[in-house]
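*Asks:* Pasting query.cif below, which is mmCIF, C-alpha atoms.
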data_entry
loop_
_atom_site.label_atom_id
_atom_site.label_comp_id
_atom_site.auth_asym_id
_atom_site.auth_seq_id
_atom_site.Cartn_x
_atom_site.Cartn_y
_atom_site.Cartn_z
CA MET A 350 0.00 0.00 0.00
CA ILE A 351 2.83 2.40 0.82
CA ARG A 352 4.67 2.13 -2.49
CA PRO A 353 1.58 2.60 -4.70
CA MET A 354 0.53 5.65 -2.69
CA LEU A 355 3.97 7.19 -3.00
CA ARG A 356 4.15 6.41 -6.73
CA ALA A 357 0.76 8.04 -7.24
CA GLY A 358 1.95 11.33 -5.78
CA ALA A 359 2.50 14.47 -7.83
CA TRP A 360 6.25 13.92 -8.00
CA PRO A 361 6.82 16.00 -11.17
CA ALA A 362 5.30 19.02 -9.44
CA VAL A 363 7.10 18.42 -6.13
CA VAL A 364 10.48 17.89 -7.78
CA GLY A 365 9.93 20.62 -10.36
CA VAL A 366 9.01 23.35 -7.87
CA SER A 367 11.78 22.20 -5.52
CA SER A 368 14.27 22.44 -8.39
CA VAL A 369 13.19 25.99 -9.17
CA ALA A 370 13.59 26.80 -5.48
CA VAL A 371 17.14 25.41 -5.52
CA VAL A 372 18.01 27.62 -8.51
CA VAL A 373 16.61 30.71 -6.77
CA GLY A 374 18.32 29.81 -3.49
CA GLY A 375 21.56 29.06 -5.32
CA CYS A 376 21.49 32.55 -6.79
CA GLY A 377 21.01 33.89 -3.28
CA ALA A 378 24.04 31.94 -2.08
CA ALA A 379 26.13 33.04 -5.08
CA PHE A 380 25.20 36.71 -4.68
CA PRO A 381 25.20 37.48 -0.93
CA ALA A 382 23.85 40.99 -1.47
CA ALA A 383 20.61 39.48 -2.77
CA ALA A 384 20.44 36.63 -0.24
CA THR A 385 17.91 38.28 2.07
CA VAL A 386 15.53 38.61 -0.89
CA LEU A 387 16.15 35.35 -2.76
CA LEU A 388 16.35 32.93 0.17
CA PRO A 389 12.83 33.80 1.44
CA VAL A 390 11.57 33.32 -2.13
CA CYS A 391 13.33 29.95 -2.22
CA PHE A 392 11.70 28.86 1.04
CA ALA A 393 8.27 30.04 -0.12
CA LEU A 394 8.64 27.91 -3.26
CA LEU A 395 9.57 24.93 -1.10
CA ALA A 396 6.34 25.51 0.85
CA ALA A 397 4.49 25.36 -2.48
CA ALA A 398 6.30 22.12 -3.34
CA ALA A 399 5.18 20.65 -0.02
CA ALA A 400 1.57 21.50 -0.87
CA PHE A 401 1.73 19.20 -3.91
CA THR A 402 2.68 16.15 -1.83
CA LEU A 403 -0.96 15.42 -1.00
CA ASP A 404 -2.33 15.63 -4.55
CA GLU A 405 -4.32 12.48 -5.32
CA PRO A 406 -5.84 12.34 -8.84
CA ALA A 407 -7.70 9.13 -7.92
CA SER A 408 -9.14 10.60 -4.71
CA LEU A 409 -12.68 9.34 -5.45
CA VAL A 410 -11.33 5.81 -5.20
CA VAL A 411 -8.61 6.28 -2.59
CA ASP A 412 -10.83 8.13 -0.12
CA VAL A 413 -13.17 5.16 0.28
CA THR A 414 -10.45 2.55 0.86
CA PRO A 415 -9.92 1.10 4.36
CA THR A 416 -6.71 3.14 4.73
CA GLY A 417 -7.65 6.12 6.89
CA PRO A 418 -6.72 9.74 6.22
CA ALA A 419 -4.14 9.82 9.01
CA ARG A 420 -2.22 6.88 7.54
CA ARG A 421 -2.49 8.22 3.98
CA THR A 422 -1.19 11.60 5.12
CA ALA A 423 1.68 9.99 7.04
CA ILE A 424 2.70 8.02 3.95
CA ARG A 425 2.58 11.09 1.72
CA ALA A 426 4.58 13.06 4.31
CA VAL A 427 7.61 11.04 3.21
CA ALA A 428 7.60 13.20 0.07
CA LEU A 429 8.43 16.22 2.25
CA LEU A 430 12.00 14.94 2.24
CA ALA A 431 12.35 16.40 -1.26
CA PRO A 432 11.72 20.08 -0.39
CA LEU A 433 13.51 19.70 2.94
CA ALA A 434 16.58 18.25 1.22
CA ALA A 435 16.46 21.01 -1.39
CA GLY A 436 16.35 23.65 1.34
CA ALA A 437 19.19 21.98 3.25
CA LEU A 438 21.26 21.99 0.06
CA VAL A 439 20.66 25.72 -0.38
CA LEU A 440 21.63 26.45 3.23
CA LEU A 441 24.78 24.35 2.82
CA ALA A 442 25.71 26.30 -0.30
CA ALA A 443 25.09 29.57 1.55
CA ALA A 444 27.29 28.41 4.44
CA LEU A 445 30.10 27.42 2.07
CA ARG A 446 29.88 30.87 0.49
CA GLY A 447 30.39 32.40 3.93
CA LEU A 448 26.98 34.02 4.40
CA ALA A 449 26.51 35.32 7.93
CA LEU A 450 23.13 33.85 8.81
CA PRO A 451 21.79 32.53 12.12
CA TRP A 452 21.74 28.95 10.89
CA ALA A 453 19.49 27.51 13.57
CA ALA A 454 16.88 30.17 12.86
CA ALA A 455 17.26 29.59 9.10
CA GLY A 456 16.72 25.86 9.61
CA LEU A 457 13.62 26.56 11.67
CA ALA A 458 12.33 28.88 8.94
CA LEU A 459 12.89 26.12 6.36
CA ALA A 460 10.97 23.56 8.43
CA GLY A 461 8.22 26.09 9.12
CA ASN A 462 7.77 26.98 5.46
CA VAL A 463 7.58 23.35 4.37
CA LEU A 464 5.21 22.34 7.16
CA LEU A 465 2.98 25.35 6.47
CA GLY A 466 2.52 24.27 2.85
CA PHE A 467 1.83 20.69 3.93
CA ALA A 468 -0.62 21.65 6.69
CA ALA A 469 -2.57 23.98 4.41
CA ALA A 470 -2.80 21.17 1.84
CA CYS A 471 -4.03 18.80 4.57
CA VAL A 472 -6.89 21.14 5.38
CA VAL A 473 -7.89 21.69 1.73
CA ARG A 474 -7.45 17.98 0.97
CA THR A 475 -10.61 17.35 3.00
CA ARG A 476 -12.51 19.11 0.19
CA THR A 477 -10.62 18.28 -2.98
CA GLY A 478 -8.29 15.57 -4.20
CA GLU A 479 -5.67 17.91 -5.68
CA PRO A 480 -5.06 20.91 -3.43
CA GLY A 481 -1.48 21.52 -4.56
CA ALA A 482 -1.83 24.25 -7.18
CA ALA A 483 -4.33 26.40 -5.28
CA VAL A 484 -2.70 25.98 -1.88
CA GLY A 485 0.80 26.46 -3.26
CA SER A 486 -0.16 29.75 -4.91
CA VAL A 487 -1.83 31.11 -1.78
CA VAL A 488 1.00 30.02 0.51
CA VAL A 489 3.61 31.70 -1.69
CA LEU A 490 1.64 34.95 -1.68
CA VAL A 491 1.22 34.82 2.11
CA LEU A 492 4.90 34.08 2.73
CA MET A 493 6.00 36.82 0.35
CA ALA A 494 3.68 39.41 1.93
CA PRO A 495 6.44 40.91 4.13
CA SER A 496 8.52 41.54 1.02
CA LEU A 497 5.64 42.76 -1.15
CA VAL A 498 3.92 44.91 1.50
CA PRO A 499 6.49 46.87 3.56
CA PRO A 500 4.12 47.63 6.48
CA VAL A 501 3.72 43.87 7.05
CA ALA A 502 7.49 43.49 7.40
CA ARG A 503 7.45 45.75 10.46
CA TRP A 504 5.28 43.23 12.30
CA VAL A 505 6.11 39.86 10.75
CA ARG A 506 9.50 38.51 9.72
CA THR A 507 9.54 35.15 7.92
CA PHE A 508 13.31 34.93 7.43
CA PRO A 509 16.02 35.70 10.02
CA ALA A 510 18.01 38.87 9.49
CA PRO A 511 21.75 38.37 8.87
CA GLY A 512 24.20 38.93 11.69
CA ALA A 513 24.16 38.10 15.37
CA GLY A 514 22.02 41.11 16.23
CA GLY A 515 19.49 40.66 13.44
CA THR A 516 15.77 40.41 14.01
CA SER A 517 14.70 36.83 14.71
CA SER A 518 11.93 35.04 12.86
CA ASP A 519 11.78 32.29 15.50
CA PRO A 520 8.61 33.50 17.30
CA VAL A 521 6.71 33.46 14.00
CA TRP A 522 7.81 29.96 13.08
CA TRP A 523 7.33 28.37 16.49
CA THR A 524 3.77 29.70 16.43
CA VAL A 525 3.27 28.46 12.86
CA LEU A 526 4.62 25.00 13.73
CA ALA A 527 2.18 24.68 16.63
CA MET A 528 -0.76 25.79 14.50
CA CYS A 529 0.25 23.48 11.67
CA ALA A 530 0.45 20.48 14.00
CA LEU A 531 -3.05 21.27 15.24
CA ALA A 532 -4.40 21.74 11.70
CA ILE A 533 -2.92 18.43 10.54
CA ALA A 534 -4.31 16.61 13.58
CA ILE A 535 -7.81 18.00 13.05
CA SER A 536 -7.92 17.48 9.27
CA THR A 537 -6.65 13.90 9.40
CA GLY A 538 -7.96 12.71 12.76
CA GLY A 539 -11.68 13.07 12.27
CA LEU A 540 -12.02 16.01 14.69
CA GLY A 541 -13.69 18.13 12.02
CA PRO A 542 -16.11 17.59 9.12
CA ARG A 543 -14.65 15.71 6.19
CA TRP A 544 -15.69 15.59 2.56
CA THR A 545 -16.73 12.24 1.15
CA PRO A 546 -17.40 11.40 -2.51
CA TRP A 547 -21.03 10.44 -1.89
CA ALA A 548 -21.69 13.73 -0.10
CA ALA A 549 -20.67 15.83 -3.11
#
Write the structure described by the file as structure tokens, please.
*Replies:*
Amino acid sequence: MIRPMLRAGAWPAVVGVSSVAVVVGGCGAAFPAAATVLLPVCFALLAAAAAFTLDEPASLVVDVTPTGPARRTAIRAVALLAPLAAGALVLLAAALRGLALPWAAAGLALAGNVLLGFAAACVVRTRTGEPGAAVGSVVVLVLMAPSLVPPVARWVRTFPAPGAGGTSSDPVWWTVLAMCALAIAISTGGLGPRWTPWAA
């Protein structure tokens, strides 16, 4: 059951978006002056890649199998290794280039971005079999809001500022991680209303 479910995933989308993220992040590592702009874009794209991990074209069939939503979600979560590995590769390249980033905070931001995309897809997956494209687009816009809307950046920072005295993004991501864990638990554990094919 595990292998067929993994093979049925939207791997072209997950790998494709993750690859674009690596290119963007690689440019940020290669050009340190642009790192604070390009690395958040890279992480936002990885969040979008994570949203595609739950796409299930055959959802009308899969959703009525004995395998419950919690187990299906856990199996598909294995695909999160792709965006996480891509992000780790970008951070490694940045470290080798000598970028002065708070690496623990950057790692937390990476995990938070990826989990946010996955959690949002979990919630929307209760209503549609392929949440990836819609969720990915919305998540990218939300994560890029501090860069696109300057007033937002004064209140919310999604990427740690360079240097030891830079503004931390940790409070944002610890809060996001807690909310994501709750959202995943509710959407996969039967604590909220779920969509079923015969109820459509």
*Asks:* Can you turn the PyMOL selection byres ((chain A and resi 474) around 10) into a concrete residue list for this file, as a list in words?
*Replies:*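 Going through the file, the PyMOL selection byres ((chain A and resi 474) around 10) ends up selecting Ala400, Leu403, Asp404, Glu405, Ser408, Pro418, Thr422, Ala468, Ala469, Ala470, Cys471, Val472, Val473, Thr475, Arg476, Thr477, Gly478, Glu479, Pro480, Gly481, Val484, Ser536, Thr537, Arg543 and Trp544 of chain A.
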*Asks:* Taking the file as I've supplied it (selection: the PyMOL selection byres ((chain A and resi 462) around 9)), which residues are included? Please answer as a ChimeraX atom specification.
*Replies:* /A:392-397,399,457-461,463-467,488,492,507,522,525
*Asks:* Which residue, A:Gly447, A:Pro381, A:Gly485, A:Gly374, has the smallest gap to Phe401 in chain A when you use only C-alpha atoms?
*Replies:*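 The closest residue to Phe401 in chain A is A:Gly485.
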*Asks:* Mind giving me the straight-line distance from CA of Ser517 in chain A to CA of Leu388 in chain A in Å, one decimal?
*Replies:*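 Going from CA of Ser517 in chain A over to CA of Leu388 in chain A, I get 15.1 Å.
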*Asks:* Tell me, in Å to one decimal, how far CA of Ala383 in chain A is from CA of Asp519 in chain A.
*Replies:*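 A separation of 21.5 Å between them.
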*Asks:* Which distance in Å separates CA of Val371 in chain A and CA of Leu430 in chain A, to one decimal?
*Replies:* 14.0 Å
*Asks:* Which residues, written as a list in words, have at least one atom at most 9 Å from Met493 in chain A, with only C-alpha atoms counted and residues fewer than 3 positions away on the same chain left out?
*Replies:*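 Contacts, with the query itself left out: Pro389, Val390, Ala393, Val488, Val489, Leu490, Ser496, Leu497, Val498 and Thr507 of chain A.
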*Asks:* Between A:Cys391, A:Ala359, A:Cys376, A:Ala532, which is the closest to Gly436 in chain A once you count only C-alpha atoms?
*Replies:*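 Distance minimum relative to Gly436 in chain A lands on A:Cys391.
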*Asks:* Select, from A:Ser518, A:Pro495, A:Ala527, A:Leu429, the residue with the minimum atom-to-atom distance to Val386 in chain A, counting all atoms listed in the file.
*Replies:*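 With all atoms listed in the file as the atom set, the closest residue is A:Pro495.
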*Asks:* Would you kindly identify which residues have an atom no farther than 12 Å from (9.3, 13.3, -8.4), using only C-alpha atoms and the file's own coordinates, and write them out as a PyMOL selection string?
*Replies:* chain A and resi 355-368+398-399+401-402+427-432
